file coords.pdb (PDB, C-alpha atoms, pLDDT in the B column)
ATOM      1  CA  MET A   1      -4.147 -18.937  -9.807  1.00 60.00           C
ATOM      2  CA  ASP A   2      -6.753 -16.166  -9.973  1.00 79.00           C
ATOM      3  CA  GLN A   3      -6.558 -15.572  -6.222  1.00 87.00           C
ATOM      4  CA  GLU A   4      -2.765 -15.189  -6.383  1.00 91.00           C
ATOM      5  CA  LYS A   5      -3.057 -12.640  -9.190  1.00 89.00           C
ATOM      6  CA  ILE A   6      -5.719 -10.715  -7.289  1.00 91.00           C
ATOM      7  CA  GLN A   7      -3.528 -10.618  -4.178  1.00 94.00           C
ATOM      8  CA  GLU A   8      -0.539  -9.513  -6.239  1.00 93.00           C
ATOM      9  CA  LEU A   9      -2.641  -6.782  -7.816  1.00 93.00           C
ATOM     10  CA  GLN A  10      -3.782  -5.599  -4.378  1.00 95.00           C
ATOM     11  CA  VAL A  11      -0.167  -5.383  -3.208  1.00 96.00           C
ATOM     12  CA  LEU A  12       0.791  -3.398  -6.310  1.00 96.00           C
ATOM     13  CA  GLU A  13      -2.136  -1.023  -5.807  1.00 96.00           C
ATOM     14  CA  ARG A  14      -1.118  -0.435  -2.163  1.00 97.00           C
ATOM     15  CA  ASN A  15       2.424   0.270  -3.362  1.00 97.00           C
ATOM     16  CA  LEU A  16       1.051   2.782  -5.863  1.00 97.00           C
ATOM     17  CA  GLN A  17      -0.878   4.537  -3.088  1.00 97.00           C
ATOM     18  CA  ASN A  18       2.268   4.692  -0.945  1.00 97.00           C
ATOM     19  CA  PHE A  19       4.307   6.087  -3.838  1.00 97.00           C
ATOM     20  CA  SER A  20       1.630   8.683  -4.485  1.00 97.00           C
ATOM     21  CA  MET A  21       1.622   9.822  -0.856  1.00 97.00           C
ATOM     22  CA  GLN A  22       5.439   9.994  -0.788  1.00 97.00           C
ATOM     23  CA  ARG A  23       5.510  11.946  -4.044  1.00 97.00           C
ATOM     24  CA  GLN A  24       2.929  14.419  -2.732  1.00 98.00           C
ATOM     25  CA  ALA A  25       4.899  14.928   0.501  1.00 98.00           C
ATOM     26  CA  PHE A  26       8.138  15.523  -1.412  1.00 98.00           C
ATOM     27  CA  GLN A  27       6.310  17.844  -3.825  1.00 98.00           C
ATOM     28  CA  MET A  28       5.040  19.916  -0.883  1.00 98.00           C
ATOM     29  CA  GLU A  29       8.574  20.151   0.525  1.00 97.00           C
ATOM     30  CA  LEU A  30       9.859  21.127  -2.908  1.00 98.00           C
ATOM     31  CA  ASN A  31       7.236  23.880  -3.208  1.00 98.00           C
ATOM     32  CA  GLU A  32       8.195  25.192   0.230  1.00 96.00           C
ATOM     33  CA  ALA A  33      11.885  25.240  -0.707  1.00 96.00           C
ATOM     34  CA  GLU A  34      11.135  27.031  -3.991  1.00 97.00           C
ATOM     35  CA  ASN A  35       8.959  29.601  -2.203  1.00 96.00           C
ATOM     36  CA  ALA A  36      11.666  30.186   0.411  1.00 95.00           C
ATOM     37  CA  LEU A  37      14.289  30.634  -2.328  1.00 95.00           C
ATOM     38  CA  ASN A  38      12.107  33.167  -4.134  1.00 95.00           C
ATOM     39  CA  GLU A  39      11.488  35.097  -0.926  1.00 93.00           C
ATOM     40  CA  ILE A  40      15.196  35.174  -0.077  1.00 94.00           C
ATOM     41  CA  LYS A  41      16.209  36.248  -3.578  1.00 90.00           C
ATOM     42  CA  ASN A  42      13.586  39.019  -3.609  1.00 91.00           C
ATOM     43  CA  SER A  43      14.511  40.261  -0.126  1.00 88.00           C
ATOM     44  CA  SER A  44      17.176  42.838   0.495  1.00 88.00           C
ATOM     45  CA  SER A  45      16.885  42.625   4.282  1.00 90.00           C
ATOM     46  CA  ASP A  46      18.313  40.133   6.754  1.00 92.00           C
ATOM     47  CA  ILE A  47      16.867  36.652   6.795  1.00 93.00           C
ATOM     48  CA  TYR A  48      16.033  34.462   9.778  1.00 92.00           C
ATOM     49  CA  LYS A  49      15.635  30.750  10.117  1.00 90.00           C
ATOM     50  CA  MET A  50      13.847  28.539  12.635  1.00 89.00           C
ATOM     51  CA  THR A  51      16.112  26.418  14.788  1.00 89.00           C
ATOM     52  CA  GLY A  52      14.094  24.355  17.205  1.00 92.00           C
ATOM     53  CA  THR A  53      11.781  26.786  18.958  1.00 95.00           C
ATOM     54  CA  ILE A  54      13.797  29.944  18.257  1.00 96.00           C
ATOM     55  CA  MET A  55      14.486  32.054  15.224  1.00 95.00           C
ATOM     56  CA  ILE A  56      18.078  33.084  14.486  1.00 94.00           C
ATOM     57  CA  LYS A  57      19.652  35.358  11.922  1.00 94.00           C
ATOM     58  CA  ALA A  58      20.956  33.311   8.980  1.00 94.00           C
ATOM     59  CA  ASP A  59      23.602  33.852   6.334  1.00 93.00           C
ATOM     60  CA  LYS A  60      21.784  34.571   3.078  1.00 93.00           C
ATOM     61  CA  GLU A  61      24.249  32.887   0.696  1.00 93.00           C
ATOM     62  CA  LYS A  62      24.605  29.799   2.873  1.00 95.00           C
ATOM     63  CA  THR A  63      20.824  29.468   3.208  1.00 95.00           C
ATOM     64  CA  VAL A  64      20.320  29.825  -0.556  1.00 95.00           C
ATOM     65  CA  LYS A  65      22.931  27.121  -1.154  1.00 97.00           C
ATOM     66  CA  GLU A  66      21.256  24.802   1.393  1.00 96.00           C
ATOM     67  CA  LEU A  67      17.827  25.360  -0.144  1.00 96.00           C
ATOM     68  CA  GLU A  68      19.123  24.758  -3.672  1.00 97.00           C
ATOM     69  CA  GLU A  69      20.724  21.479  -2.541  1.00 98.00           C
ATOM     70  CA  LYS A  70      17.504  20.468  -0.799  1.00 97.00           C
ATOM     71  CA  LYS A  71      15.552  21.348  -3.945  1.00 98.00           C
ATOM     72  CA  LYS A  72      17.866  19.226  -6.109  1.00 98.00           C
ATOM     73  CA  LEU A  73      17.581  16.264  -3.716  1.00 98.00           C
ATOM     74  CA  LEU A  74      13.779  16.516  -3.621  1.00 98.00           C
ATOM     75  CA  GLU A  75      13.598  16.680  -7.428  1.00 98.00           C
ATOM     76  CA  MET A  76      15.696  13.503  -7.644  1.00 98.00           C
ATOM     77  CA  ARG A  77      13.497  11.738  -5.090  1.00 97.00           C
ATOM     78  CA  ILE A  78      10.330  12.762  -6.937  1.00 98.00           C
ATOM     79  CA  SER A  79      11.800  11.556 -10.219  1.00 98.00           C
ATOM     80  CA  SER A  80      12.778   8.233  -8.652  1.00 97.00           C
ATOM     81  CA  ILE A  81       9.311   7.735  -7.178  1.00 97.00           C
ATOM     82  CA  GLU A  82       7.689   8.600 -10.516  1.00 97.00           C
ATOM     83  CA  LYS A  83       9.821   5.942 -12.233  1.00 97.00           C
ATOM     84  CA  GLN A  84       8.861   3.361  -9.591  1.00 96.00           C
ATOM     85  CA  GLU A  85       5.199   4.365  -9.904  1.00 97.00           C
ATOM     86  CA  SER A  86       5.368   3.903 -13.644  1.00 97.00           C
ATOM     87  CA  LEU A  87       6.880   0.414 -13.349  1.00 96.00           C
ATOM     88  CA  VAL A  88       4.409  -0.718 -10.694  1.00 96.00           C
ATOM     89  CA  SER A  89       1.515   0.774 -12.623  1.00 96.00           C
ATOM     90  CA  SER A  90       2.427  -1.081 -15.817  1.00 96.00           C
ATOM     91  CA  ASN A  91       2.813  -4.339 -13.845  1.00 95.00           C
ATOM     92  CA  ALA A  92      -0.578  -3.781 -12.209  1.00 95.00           C
ATOM     93  CA  GLU A  93      -2.177  -3.106 -15.587  1.00 95.00           C
ATOM     94  CA  LYS A  94      -0.663  -6.299 -17.011  1.00 94.00           C
ATOM     95  CA  ILE A  95      -2.038  -8.341 -14.098  1.00 92.00           C
ATOM     96  CA  ARG A  96      -5.467  -6.670 -14.418  1.00 91.00           C
ATOM     97  CA  LYS A  97      -5.592  -7.725 -18.068  1.00 91.00           C
ATOM     98  CA  GLU A  98      -4.557 -11.283 -17.159  1.00 89.00           C
ATOM     99  CA  ILE A  99      -7.306 -11.463 -14.519  1.00 86.00           C
ATOM    100  CA  GLU A 100      -9.902 -10.170 -16.980  1.00 86.00           C
ATOM    101  CA  LYS A 101      -8.713 -12.619 -19.635  1.00 85.00           C
ATOM    102  CA  ASP A 102      -8.936 -15.506 -17.150  1.00 81.00           C
ATOM    103  CA  LYS A 103     -12.522 -14.537 -16.235  1.00 77.00           C
ATOM    104  CA  LYS A 104     -13.671 -14.906 -19.844  1.00 69.00           C
TER     105      LYS A 104
END

call {"tool": "encode", "arguments": {"input": "coords.pdb", "output": "structure tokens"}}
result
Amino acid sequence: MDQEKIQELQVLERNLQNFSMQRQAFQMELNEAENALNEIKNSSSDIYKMTGTIMIKADKEKTVKELEEKKKLLEMRISSIEKQESLVSSNAEKIRKEIEKDKK
């Protein structure tokens, strides 16, 4: 019984690490999108966007809309991951307590 709980705890801890890495990656993307939005909104000149290996002139309003949609999607993904992290974390804590109780 103890071995099963320990294995389950290890799986939950690996899941937590994966969630953390995903959340950090999405957070970096979100920061980039927010920075790009700020730069576009503060710029009165033309904007350009990378497409493959070239840079092309981009429509400002369309790019702002795309970045705002991307930002919204990333915020939802981060929120979802945080909820999953919270659930897994509470399950892991419960199993840790059971393992400690069984050791006594």

call {"tool": "resolve_selection", "arguments": {"input": "coords.pdb", "expression": "the PyMOL selection byres ((chain A and resi 36) around 12)", "output": "ChimeraX atom specification"}}
result
/A:29-35,37-43,47-49,60,63-68,70-71

call {"tool": "residues_around", "arguments": {"input": "coords.pdb", "residues": "stretch 87-90 of chain A", "least_positions_apart": "5", "cutoff": "9 Å", "atoms": "only C-alpha atoms", "output": "JSON list (two decimals) with C-alpha atoms, in the coordinates of the input"}}
result
[["chain", "number", "residue", "atom", "x", "y", "z"],
["A", 12, "LEU", "CA", 0.79, -3.40, -6.31],
["A", 13, "GLU", "CA", -2.14, -1.02, -5.81],
["A", 15, "ASN", "CA", 2.42, 0.27, -3.36],
["A", 16, "LEU", "CA", 1.05, 2.78, -5.86],
["A", 82, "GLU", "CA", 7.69, 8.60, -10.52],
["A", 95, "ILE", "CA", -2.04, -8.34, -14.10]]

call {"tool": "atom_distance", "arguments": {"input": "coords.pdb", "atom1": "atom CA of A:Ser86", "atom2": "atom CA of A:Glu98"}}
result
18.5 Å

call {"tool": "atom_distance", "arguments": {"input": "coords.pdb", "atom1": "atom CA of A:Lys103", "atom2": "atom CA of A:Gln10"}}
result
17.2 Å

call {"tool": "closest_residue", "arguments": {"input": "coords.pdb", "among": "A:Gln22, A:Ser45, A:Asn91, A:Thr51", "to": "A:Ser79", "atoms": "only C-alpha atoms"}}
result
A:Gln22

call {"tool": "closest_residue", "arguments": {"input": "coords.pdb", "among": "A:Glu75, A:Ala58, A:Glu93, A:Ile99", "to": "A:Gln24", "atoms": "all atoms listed in the file"}}
result
A:Glu75

call {"tool": "closest_residue", "arguments": {"input": "coords.pdb", "among": "A:Gln17, A:Glu61, A:Val11, A:Phe26", "to": "A:Leu73", "atoms": "only C-alpha atoms"}}
result
A:Phe26

call {"tool": "atom_distance", "arguments": {"input": "coords.pdb", "atom1": "atom CA of A:Ser80", "atom2": "atom CA of A:Lys94"}}
result
21.5 Å

call {"tool": "closest_residue", "arguments": {"input": "coords.pdb", "among": "A:Lys62, A:Arg23, A:Lys57, A:Arg96", "to": "A:Ile81", "atoms": "all atoms listed in the file"}}
result
A:Arg23

call {"tool": "closest_residue", "arguments": {"input": "coords.pdb", "among": "A:Met50, A:Met21, A:Gln27, A:Ile6", "to": "A:Ile78", "atoms": "all atoms listed in the file"}}
result
A:Gln27

call {"tool": "closest_residue", "arguments": {"input": "coords.pdb", "among": "A:Thr53, A:Met76, A:Asp102, A:Ala92", "to": "A:Leu9", "atoms": "only C-alpha atoms"}}
result
A:Ala92
